[in-house]
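Chemist: Provided herewith: run-v9.txt, compact mmCIF, C-alpha atoms.
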# COMPACT_ATOMS: atom_id res chain seq x y z
CA MET A 1 -9.26 -15.43 3.30
CA ALA A 2 -9.38 -12.95 6.17
CA GLU A 3 -6.90 -14.13 8.78
CA THR A 4 -7.12 -12.47 12.17
CA GLY A 5 -3.84 -10.81 13.12
CA GLN A 6 -2.29 -11.64 9.73
CA GLU A 7 -1.63 -9.23 6.95
CA ILE A 8 -4.29 -9.22 4.27
CA GLY A 9 -2.03 -7.85 1.55
CA ALA A 10 -2.52 -5.57 -1.42
CA GLY A 11 -5.86 -4.00 -2.13
CA VAL A 12 -7.93 -5.64 -4.89
CA LEU A 13 -10.08 -3.54 -7.19
CA VAL A 14 -12.28 -4.80 -10.02
CA VAL A 15 -13.15 -2.02 -12.47
CA THR A 16 -15.66 -2.91 -15.18
CA HIS A 17 -18.58 -1.76 -17.24
CA GLY A 18 -21.74 -1.85 -15.14
CA ALA A 19 -22.16 -4.32 -12.28
CA PHE A 20 -19.95 -7.07 -13.72
CA GLY A 21 -17.19 -6.41 -11.19
CA ARG A 22 -19.60 -6.41 -8.25
CA GLU A 23 -21.01 -9.77 -9.27
CA LEU A 24 -17.54 -11.23 -9.86
CA ILE A 25 -16.58 -10.29 -6.32
CA ASN A 26 -19.80 -11.84 -5.00
CA ALA A 27 -18.93 -15.04 -6.85
CA ALA A 28 -15.33 -15.04 -5.55
CA GLU A 29 -16.62 -14.63 -2.02
CA THR A 30 -18.83 -17.70 -2.31
CA VAL A 31 -15.65 -19.63 -3.19
CA LEU A 32 -13.20 -18.01 -0.77
CA GLY A 33 -15.34 -16.45 1.92
CA PRO A 34 -15.73 -12.72 2.63
CA GLN A 35 -12.82 -10.55 1.47
CA GLU A 36 -11.52 -7.32 2.94
CA ARG A 37 -10.15 -4.32 1.06
CA THR A 38 -11.74 -5.71 -2.08
CA GLU A 39 -13.99 -3.41 -4.01
CA SER A 40 -15.64 -3.00 -7.38
CA VAL A 41 -16.02 0.20 -9.37
CA GLY A 42 -18.70 0.17 -12.06
CA VAL A 43 -17.97 2.54 -14.92
CA ASP A 44 -21.13 4.21 -16.20
CA VAL A 45 -20.80 6.01 -19.48
CA ASP A 46 -23.24 8.63 -18.27
CA LYS A 47 -20.66 9.88 -15.75
CA GLY A 48 -17.94 12.24 -16.90
CA VAL A 49 -14.36 11.04 -17.25
CA ASP A 50 -13.08 13.17 -14.35
CA LYS A 51 -15.72 11.87 -11.94
CA THR A 52 -14.97 8.30 -12.92
CA VAL A 53 -11.21 8.70 -12.45
CA GLU A 54 -11.87 10.20 -9.02
CA ALA A 55 -14.11 7.26 -8.09
CA ILE A 56 -11.32 4.85 -9.06
CA ARG A 57 -8.70 6.92 -7.23
CA SER A 58 -10.69 7.03 -3.99
CA ALA A 59 -11.37 3.29 -4.20
CA ILE A 60 -7.61 2.74 -4.56
CA GLN A 61 -6.89 4.90 -1.53
CA ARG A 62 -9.57 3.18 0.57
CA ASN A 63 -8.21 -0.27 -0.17
CA SER A 64 -4.44 0.02 -0.58
CA ASP A 65 -1.80 -1.10 1.82
CA ASN A 66 1.92 -0.31 1.43
CA ARG A 67 2.09 -2.93 -1.32
CA GLY A 68 -0.41 -0.98 -3.38
CA THR A 69 -3.53 -2.17 -5.16
CA ILE A 70 -4.05 -4.65 -7.97
CA ILE A 71 -6.70 -3.49 -10.45
CA LEU A 72 -8.48 -6.05 -12.58
CA THR A 73 -10.47 -4.65 -15.52
CA ASP A 74 -12.81 -6.21 -18.03
CA LEU A 75 -11.88 -5.10 -21.52
CA PHE A 76 -8.48 -4.17 -22.91
CA GLY A 77 -9.12 -0.78 -24.51
CA GLY A 78 -12.31 -0.10 -22.61
CA SER A 79 -12.60 2.98 -20.41
CA PRO A 80 -12.36 0.96 -17.16
CA THR A 81 -8.87 0.04 -18.38
CA THR A 82 -7.77 3.37 -19.87
CA LEU A 83 -9.03 5.36 -16.89
CA SER A 84 -7.30 2.99 -14.43
CA LEU A 85 -4.07 3.21 -16.45
CA SER A 86 -4.12 7.00 -16.21
CA LEU A 87 -3.50 6.54 -12.48
CA LEU A 88 -0.37 4.40 -12.96
CA LYS A 89 1.96 7.33 -12.35
CA SER A 90 0.21 8.80 -9.32
CA GLU A 91 -0.87 5.65 -7.45
CA LYS A 92 0.87 2.36 -6.63
CA VAL A 93 -1.17 0.05 -8.85
CA GLU A 94 -0.90 -2.56 -11.54
CA VAL A 95 -3.65 -3.20 -14.08
CA VAL A 96 -4.55 -6.63 -15.47
CA THR A 97 -7.23 -6.80 -18.15
CA GLY A 98 -9.71 -9.47 -19.19
CA VAL A 99 -10.83 -10.26 -15.65
CA ASN A 100 -12.58 -13.58 -15.10
CA LEU A 101 -13.36 -15.52 -11.94
CA PRO A 102 -10.17 -17.66 -11.96
CA MET A 103 -8.11 -14.47 -12.26
CA LEU A 104 -9.90 -12.75 -9.39
CA VAL A 105 -9.62 -15.82 -7.15
CA LYS A 106 -5.89 -16.07 -7.86
CA ALA A 107 -5.36 -12.37 -7.18
CA LEU A 108 -7.10 -12.71 -3.83
CA GLN A 109 -5.01 -15.77 -2.98
CA SER A 110 -1.75 -14.04 -4.00
CA ARG A 111 -2.29 -10.63 -2.46
CA GLN A 112 0.58 -10.88 0.04
CA LYS A 113 3.11 -11.07 -2.79
CA PRO A 114 4.71 -8.01 -4.42
CA LEU A 115 2.37 -6.23 -6.82
CA ALA A 116 4.12 -7.30 -10.03
CA GLU A 117 3.93 -10.95 -8.96
CA ILE A 118 0.26 -10.70 -8.06
CA ALA A 119 -0.31 -9.30 -11.52
CA SER A 120 1.55 -12.03 -13.42
CA ASP A 121 0.06 -14.83 -11.26
CA ALA A 122 -3.42 -13.43 -11.82
CA ALA A 123 -2.90 -13.07 -15.58
CA GLU A 124 -1.64 -16.65 -15.84
CA ALA A 125 -4.52 -18.02 -13.78
CA GLY A 126 -6.99 -16.13 -15.93
CA ARG A 127 -5.53 -17.77 -19.04
CA GLN A 128 -5.23 -21.25 -17.52
CA GLY A 129 -8.85 -21.13 -16.39
CA ILE A 130 -10.07 -21.21 -19.98
CA LYS A 131 -10.54 -24.77 -21.23
CA VAL A 132 -12.82 -26.53 -23.67
CA ALA A 133 -14.10 -28.78 -20.94
CA GLY A 134 -15.98 -31.27 -23.15
CA ALA A 135 -12.91 -31.92 -25.28
CA LEU A 136 -10.89 -32.59 -22.14
CA LEU A 137 -13.46 -35.17 -21.06
CA ASN A 138 -13.37 -36.90 -24.42
CA ALA A 139 -9.59 -37.13 -24.33
CA LYS A 140 -9.49 -38.92 -20.98
CA PRO A 141 -8.49 -42.61 -21.35
CA GLY A 142 -11.33 -44.96 -20.44
CA SER A 143 -13.92 -42.18 -20.64
CA LYS A 144 -17.40 -43.28 -21.61
CA LYS A 145 -17.42 -41.02 -24.64
CA GLY A 146 -14.24 -42.58 -25.98
CA LYS A 147 -11.68 -40.83 -28.12
CA HIS A 148 -12.80 -38.60 -30.97
CA MET B 149 -16.12 9.72 -44.41
CA ALA B 150 -16.60 6.64 -42.37
CA LEU B 151 -17.89 8.46 -39.29
CA ILE B 152 -17.55 11.51 -37.09
CA ARG B 153 -18.58 10.74 -33.55
CA ILE B 154 -19.06 12.74 -30.35
CA ASP B 155 -17.90 10.55 -27.46
CA SER B 156 -16.81 11.89 -24.07
CA ARG B 157 -14.73 8.71 -23.66
CA LEU B 158 -13.04 9.16 -27.07
CA ILE B 159 -11.32 5.79 -27.77
CA HIS B 160 -12.86 3.01 -25.72
CA GLY B 161 -14.59 -0.38 -25.93
CA GLN B 162 -17.62 0.66 -27.97
CA VAL B 163 -15.43 2.39 -30.54
CA ILE B 164 -12.84 -0.38 -30.84
CA GLU B 165 -15.18 -3.37 -30.67
CA SER B 166 -18.30 -2.04 -32.42
CA TRP B 167 -17.74 1.05 -34.57
CA LEU B 168 -14.36 0.07 -36.04
CA PRO B 169 -15.57 -3.26 -37.45
CA TYR B 170 -18.92 -1.72 -38.47
CA THR B 171 -17.34 1.11 -40.48
CA GLY B 172 -14.24 -0.77 -41.62
CA ALA B 173 -12.24 2.36 -40.81
CA THR B 174 -8.46 1.97 -40.88
CA VAL B 175 -7.57 5.37 -39.43
CA ILE B 176 -8.86 6.90 -36.19
CA VAL B 177 -8.36 10.66 -35.89
CA VAL B 178 -8.89 12.05 -32.39
CA ALA B 179 -9.43 15.82 -32.63
CA ASN B 180 -8.93 17.17 -29.13
CA ASP B 181 -6.73 20.09 -28.09
CA GLU B 182 -6.01 18.76 -24.57
CA LEU B 183 -5.16 15.27 -25.71
CA SER B 184 -3.02 16.43 -28.62
CA VAL B 185 -0.34 17.49 -26.12
CA ASP B 186 -0.72 14.63 -23.61
CA ILE B 187 1.59 11.91 -24.91
CA MET B 188 0.98 9.49 -22.06
CA GLN B 189 -2.79 9.64 -22.43
CA GLN B 190 -2.36 9.12 -26.16
CA GLN B 191 -0.32 5.99 -25.49
CA ILE B 192 -2.89 4.65 -23.04
CA MET B 193 -5.75 5.20 -25.46
CA SER B 194 -3.90 3.66 -28.39
CA LEU B 195 -2.92 0.47 -26.53
CA ALA B 196 -5.78 -1.69 -27.64
CA ILE B 197 -6.16 -0.46 -31.20
CA PRO B 198 -5.93 -3.44 -33.55
CA GLY B 199 -2.94 -3.84 -35.84
CA GLY B 200 -3.71 -2.38 -39.25
CA VAL B 201 -5.55 0.58 -37.74
CA GLU B 202 -3.63 3.83 -37.47
CA CYS B 203 -4.36 6.38 -34.75
CA LEU B 204 -3.70 10.12 -35.03
CA PHE B 205 -4.11 12.80 -32.38
CA VAL B 206 -4.58 16.36 -33.67
CA GLN B 207 -5.72 19.76 -32.52
CA LEU B 208 -9.16 20.82 -33.72
CA ASP B 209 -7.77 23.43 -36.05
CA GLU B 210 -5.45 20.86 -37.65
CA LEU B 211 -8.32 18.49 -38.41
CA GLU B 212 -9.30 19.70 -41.84
CA ALA B 213 -5.70 19.70 -43.07
CA GLN B 214 -5.15 16.20 -41.65
CA LEU B 215 -8.29 14.86 -43.33
CA SER B 216 -7.28 16.19 -46.73
CA ASP B 217 -4.34 13.77 -46.58
CA LEU B 218 -6.51 10.73 -45.96
CA ALA B 219 -9.01 8.69 -47.98
CA GLU B 220 -12.50 9.68 -46.79
CA GLU B 221 -13.97 6.25 -46.42
CA ASP B 222 -11.16 4.99 -44.20
CA VAL B 223 -11.49 7.53 -41.41
CA LEU B 224 -13.25 7.59 -38.06
CA VAL B 225 -13.07 11.01 -36.39
CA LEU B 226 -13.64 11.35 -32.65
CA VAL B 227 -14.40 14.57 -30.77
CA SER B 228 -15.20 14.65 -27.10
CA ASN B 229 -18.09 17.12 -27.00
CA CYS B 230 -20.72 19.05 -28.95
CA ALA B 231 -18.79 22.33 -28.87
CA ASP B 232 -15.81 20.66 -30.56
CA ALA B 233 -18.09 19.12 -33.17
CA ARG B 234 -19.43 22.56 -33.97
CA ARG B 235 -15.94 24.12 -34.00
CA ALA B 236 -14.69 21.49 -36.40
CA TYR B 237 -17.60 22.33 -38.70
CA ASP B 238 -17.02 26.09 -38.45
CA LEU B 239 -13.27 25.64 -39.05
CA GLY B 240 -14.14 24.46 -42.52
CA TRP B 241 -14.99 20.78 -42.51
CA SER B 242 -18.68 20.62 -43.40
CA TYR B 243 -19.51 16.99 -42.67
CA ASP B 244 -22.95 15.63 -43.64
CA ASP B 245 -23.60 13.23 -40.78
CA LEU B 246 -22.81 13.42 -37.09
CA ASN B 247 -22.95 10.46 -34.73
CA ILE B 248 -23.71 11.49 -31.14
CA GLY B 249 -22.55 8.56 -29.02
CA ASN B 250 -21.80 9.50 -25.42
CA VAL B 251 -22.46 12.87 -23.82
CA HIS B 252 -22.39 12.37 -20.09
CA TYR B 253 -25.00 13.65 -17.66
CA SER B 254 -24.40 16.37 -15.10
CA PRO B 255 -26.97 18.34 -13.04
CA GLY B 256 -29.01 20.73 -15.13
CA LYS B 257 -28.75 18.72 -18.32
CA LYS B 258 -31.72 17.29 -20.16
CA GLN B 259 -31.53 13.56 -20.88
CA PHE B 260 -32.27 12.68 -24.51
CA SER B 261 -31.26 9.02 -24.47
CA PRO B 262 -29.50 6.59 -22.09
CA SER B 263 -26.14 7.85 -23.28
CA VAL B 264 -26.83 11.48 -24.26
CA SER B 265 -27.66 14.34 -21.91
CA LEU B 266 -27.45 17.91 -23.20
CA SER B 267 -27.05 21.29 -21.56
CA SER B 268 -28.69 24.23 -23.31
CA GLU B 269 -25.33 25.16 -24.86
CA GLU B 270 -24.86 21.62 -26.19
CA GLU B 271 -28.41 21.58 -27.52
CA GLY B 272 -27.61 24.88 -29.20
CA CYS B 273 -24.52 23.40 -30.94
CA LEU B 274 -26.51 20.46 -32.26
CA ARG B 275 -29.43 22.65 -33.30
CA TYR B 276 -26.99 24.88 -35.21
CA LEU B 277 -25.56 21.88 -37.04
CA TYR B 278 -29.04 20.50 -37.68
CA LYS B 279 -30.05 23.80 -39.29
CA LYS B 280 -26.96 23.57 -41.50
CA GLY B 281 -28.31 20.30 -42.81
CA VAL B 282 -26.17 17.87 -40.80
CA VAL B 283 -27.95 14.58 -40.20
CA LEU B 284 -27.85 13.79 -36.46
CA ASP B 285 -27.44 10.11 -35.59
CA PHE B 286 -27.93 9.34 -31.90
CA ARG B 287 -26.79 5.71 -31.92
CA CYS B 288 -24.49 4.78 -29.07
CA VAL B 289 -23.58 1.49 -30.75
CA PRO B 290 -24.23 0.61 -34.43
CA ASN B 291 -27.25 -1.60 -33.82
CA ASP B 292 -28.88 0.77 -31.35
CA PRO B 293 -32.63 1.04 -31.93
CA VAL B 294 -32.71 4.36 -30.03
CA GLN B 295 -34.89 6.98 -31.65
CA VAL B 296 -34.31 10.48 -30.34
CA ARG B 297 -36.61 13.37 -31.10
CA PHE B 298 -34.34 16.25 -32.00
CA PRO B 299 -35.09 19.08 -31.97
CA ALA B 300 -37.27 18.11 -28.99
So that I can check it, write out the structure of this file as structure tokens.
Modeler:
Amino acid sequence: MAETGQEIGAGVLVVTHGAFGRELINAAETVLGPQERTESVGVDVDKGVDKTVEAIRSAIQRNSDNRGTIILTDLFGGSPTTLSLSLLKSEKVEVVTGVNLPMLVKALQSRQKPLAEIASDAAEAGRQGIKVAGALLNAKPGSKKGKH
Amino acid sequence: MALIRIDSRLIHGQVIESWLPYTGATVIVVANDELSVDIMQQQIMSLAIPGGVECLFVQLDELEAQLSDLAEEDVLVLVSNCADARRAYDLGWSYDDLNIGNVHYSPGKKQFSPSVSLSSEEEGCLRYLYKKGVVLDFRCVPNDPVQVRFPA
């Protein structure tokens, strides 16, 4: 939500294999509207490690404010995560793994909070967004499907 | 030996999620001189390794000694480039099969597959190993159908 004259908050970076991050941001923007200082970095295995770390670092520097930047990555243990973590000491960032749309939306909604809070809110939202929807429907009293 | 793999990313998603379950390896040995003295990088790389899998970081010239302490079939060895794979061989560990997973592109390199691009030096290392009888396996992930003509 880009408010004129109001602070936007921490930078938001989505670092993933391929174009996953780019598409996640597109999806978040259909829900929340256009976002500023929000960027994706696609990690291609055909690029060297040093080049990839530099791409992440320059994306951080382009998008940070004095709060820092929250980095959301796809796979715990994947190189988007390990390469982002290697910047923990030199840049003001926090890394949350397992990015999904609920997590990204929450991060964008929470970006005016301190970095550590954005991270824990985003992680929680990512978890809470995962439901077996059909089972929820069945469990509702008075639902057509009845109880199972 | 479960596997020796060349991967410029060393420990990452493909290794943890595909090669570990595929080989059933319980020990990962990362043979890399730079990484063997970088404790923080070691910690970062080891974060997502499943419980029950051990991870060791050694210098290239310690590799053979380290391997003699372990049961062959349990081990997955990672080196980051072709030169290291050749050095490991010349230092005394004559492995039979070499998996070439990720060798990143840079200008001047010839692309052999979506994940492997080789400079003339790198080609030379692999050709040397090939002549020694090492079987070269260019799969990036275990169920890769990629067929690479090598030597080209």
Chemist: Tell me as a list in words which residues belonging to chain A come within 9 Å of chain B, counting all atoms listed in the file.
Modeler: Val45, Asp46, Lys47, Gly48, Val49, Leu75, Phe76, Gly77, Gly78, Ser79, Pro80, Thr81, Thr82, Leu83, Leu85 and Ser86 of chain A
Chemist: Report the distance between atom CA of B:Leu215 and atom CA of B:Val177 in Å, rounded to one decimal place.
Modeler: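 If I compute the distance from atom CA of B:Leu215 to atom CA of B:Val177, I get 8.5 Å.
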Chemist: Find the residues with any atom within 10 Å of (-15.1, 5.3, -46.1); use all atoms listed in the file and the coordinates as given in the file, and write the answer as a PyMOL selection string.
Modeler: chain B and resi 149-151+171-174+219-224
Chemist: Write out, as a tab-separated table (two decimals), in the frame of the given file, the residues just selected, with C-alpha atoms.
Modeler:
chain	number	residue	atom	x	y	z
B	149	MET	CA	-16.12	9.72	-44.41
B	150	ALA	CA	-16.60	6.64	-42.37
B	151	LEU	CA	-17.89	8.46	-39.29
B	171	THR	CA	-17.34	1.11	-40.48
B	172	GLY	CA	-14.24	-0.77	-41.62
B	173	ALA	CA	-12.24	2.36	-40.81
B	174	THR	CA	-8.46	1.97	-40.88
B	219	ALA	CA	-9.01	8.69	-47.98
B	220	GLU	CA	-12.50	9.68	-46.79
B	221	GLU	CA	-13.97	6.25	-46.42
B	222	ASP	CA	-11.16	4.99	-44.20
B	223	VAL	CA	-11.49	7.53	-41.41
B	224	LEU	CA	-13.25	7.59	-38.06
Chemist: Quote the spacing between atom CA of B:Pro293 and atom CA of B:Asp244 in Å to one decimal place.
Modeler: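 For atom CA of B:Pro293 relative to atom CA of B:Asp244, the distance reads 21.1 Å.
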Chemist: Calculate how many Å separate atom CA of B:Leu246 from atom CA of B:Ala233, rounding to one decimal.
Modeler: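 Separating atom CA of B:Leu246 from atom CA of B:Ala233 is a distance of 8.4 Å.
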Chemist: Could you pull the residues within 6 Å of stretch 285-289 of chain B, counting all atoms listed in the file, minus those fewer than 3 positions along the same chain, as number ranges by chain?
Modeler: B: 246-249, 292
Chemist: Need the shell around B:Lys279: protein/DNA/RNA residues with any atom at most 12 Å away, counting only C-alpha atoms. Skip same-chain ones fewer than 4 positions apart. Format as an NGL selection string?
Modeler: :B and (234 or 244 or 272-275 or 283-284 or 298-299)
Chemist: Could you write out that same residue set with C-alpha atoms as a PDB file, in the coordinates of the input?
Modeler:
ATOM      1  CA  ARG B 234     -19.430  22.560 -33.970  1.00  0.00           C
ATOM      2  CA  ASP B 244     -22.950  15.630 -43.640  1.00  0.00           C
ATOM      3  CA  GLY B 272     -27.610  24.880 -29.200  1.00  0.00           C
ATOM      4  CA  CYS B 273     -24.520  23.400 -30.940  1.00  0.00           C
ATOM      5  CA  LEU B 274     -26.510  20.460 -32.260  1.00  0.00           C
ATOM      6  CA  ARG B 275     -29.430  22.650 -33.300  1.00  0.00           C
ATOM      7  CA  VAL B 283     -27.950  14.580 -40.200  1.00  0.00           C
ATOM      8  CA  LEU B 284     -27.850  13.790 -36.460  1.00  0.00           C
ATOM      9  CA  PHE B 298     -34.340  16.250 -32.000  1.00  0.00           C
ATOM     10  CA  PRO B 299     -35.090  19.080 -31.970  1.00  0.00           C
TER      11      PRO B 299
END
Chemist: What are the centre and the three edge lengths of an axis-aligned box that wraps all atoms of stretch 40-46 of chain A in the file, given that 8 Å is added to every side, written as lines of an AutoDock Vina configuration file and rounded to one decimal in Å?
Modeler:
center_x = -19.4
center_y = 2.8
center_z = -13.4
size_x = 23.6
size_y = 27.6
size_z = 28.1
Chemist: Between A:Glu36, A:Glu54, A:Glu91, A:Glu29, which is the closest to A:Leu104 once you count all atoms listed in the file?
Modeler: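 Closest candidate: A:Glu29.
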Chemist: Mind checking which residues fall within 12 Å of A:Ile130, counting only C-alpha atoms, ignoring those fewer than 2 positions away in the same chain, and posting them as a VMD selection string?
Modeler: chain A and resid 98 to 103 123 to 128 132 to 133 136
Chemist: Env of A:Val31: 10 Å cut, atoms = only C-alpha atoms, seq-sep filter 5 positions within chain, self excluded. Answer as a list in words.
Modeler: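 The residues that qualify are Ile25, Asn26, Leu101 and Val105 of chain A.
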Chemist: Calculated over only C-alpha atoms, which of the candidates A:Ala27, A:Val96, A:Ala135, A:Ala55 has the smallest distance to A:Val12?
Modeler: A:Val96
Chemist: What lies within 10 Å of B:Asp181 using all atoms listed in the file, ignoring chain neighbours under 5 positions off, as a PDB file with C-alpha atoms, in the frame of the given file?
Modeler:
ATOM      1  CA  ASP B 186      -0.720  14.630 -23.610  1.00  0.00           C
ATOM      2  CA  PHE B 205      -4.110  12.800 -32.380  1.00  0.00           C
ATOM      3  CA  VAL B 206      -4.580  16.360 -33.670  1.00  0.00           C
ATOM      4  CA  GLN B 207      -5.720  19.760 -32.520  1.00  0.00           C
ATOM      5  CA  LEU B 208      -9.160  20.820 -33.720  1.00  0.00           C
ATOM      6  CA  ASP B 209      -7.770  23.430 -36.050  1.00  0.00           C
ATOM      7  CA  GLU B 210      -5.450  20.860 -37.650  1.00  0.00           C
ATOM      8  CA  VAL B 227     -14.400  14.570 -30.770  1.00  0.00           C
ATOM      9  CA  ASP B 232     -15.810  20.660 -30.560  1.00  0.00           C
TER      10      ASP B 232
END
Chemist: Select, from A:Asp50, A:Ile70, A:Gly9, A:Leu137, the residue with the minimum atom-to-atom distance to A:Thr97, counting all atoms listed in the file.
Modeler: A:Ile70
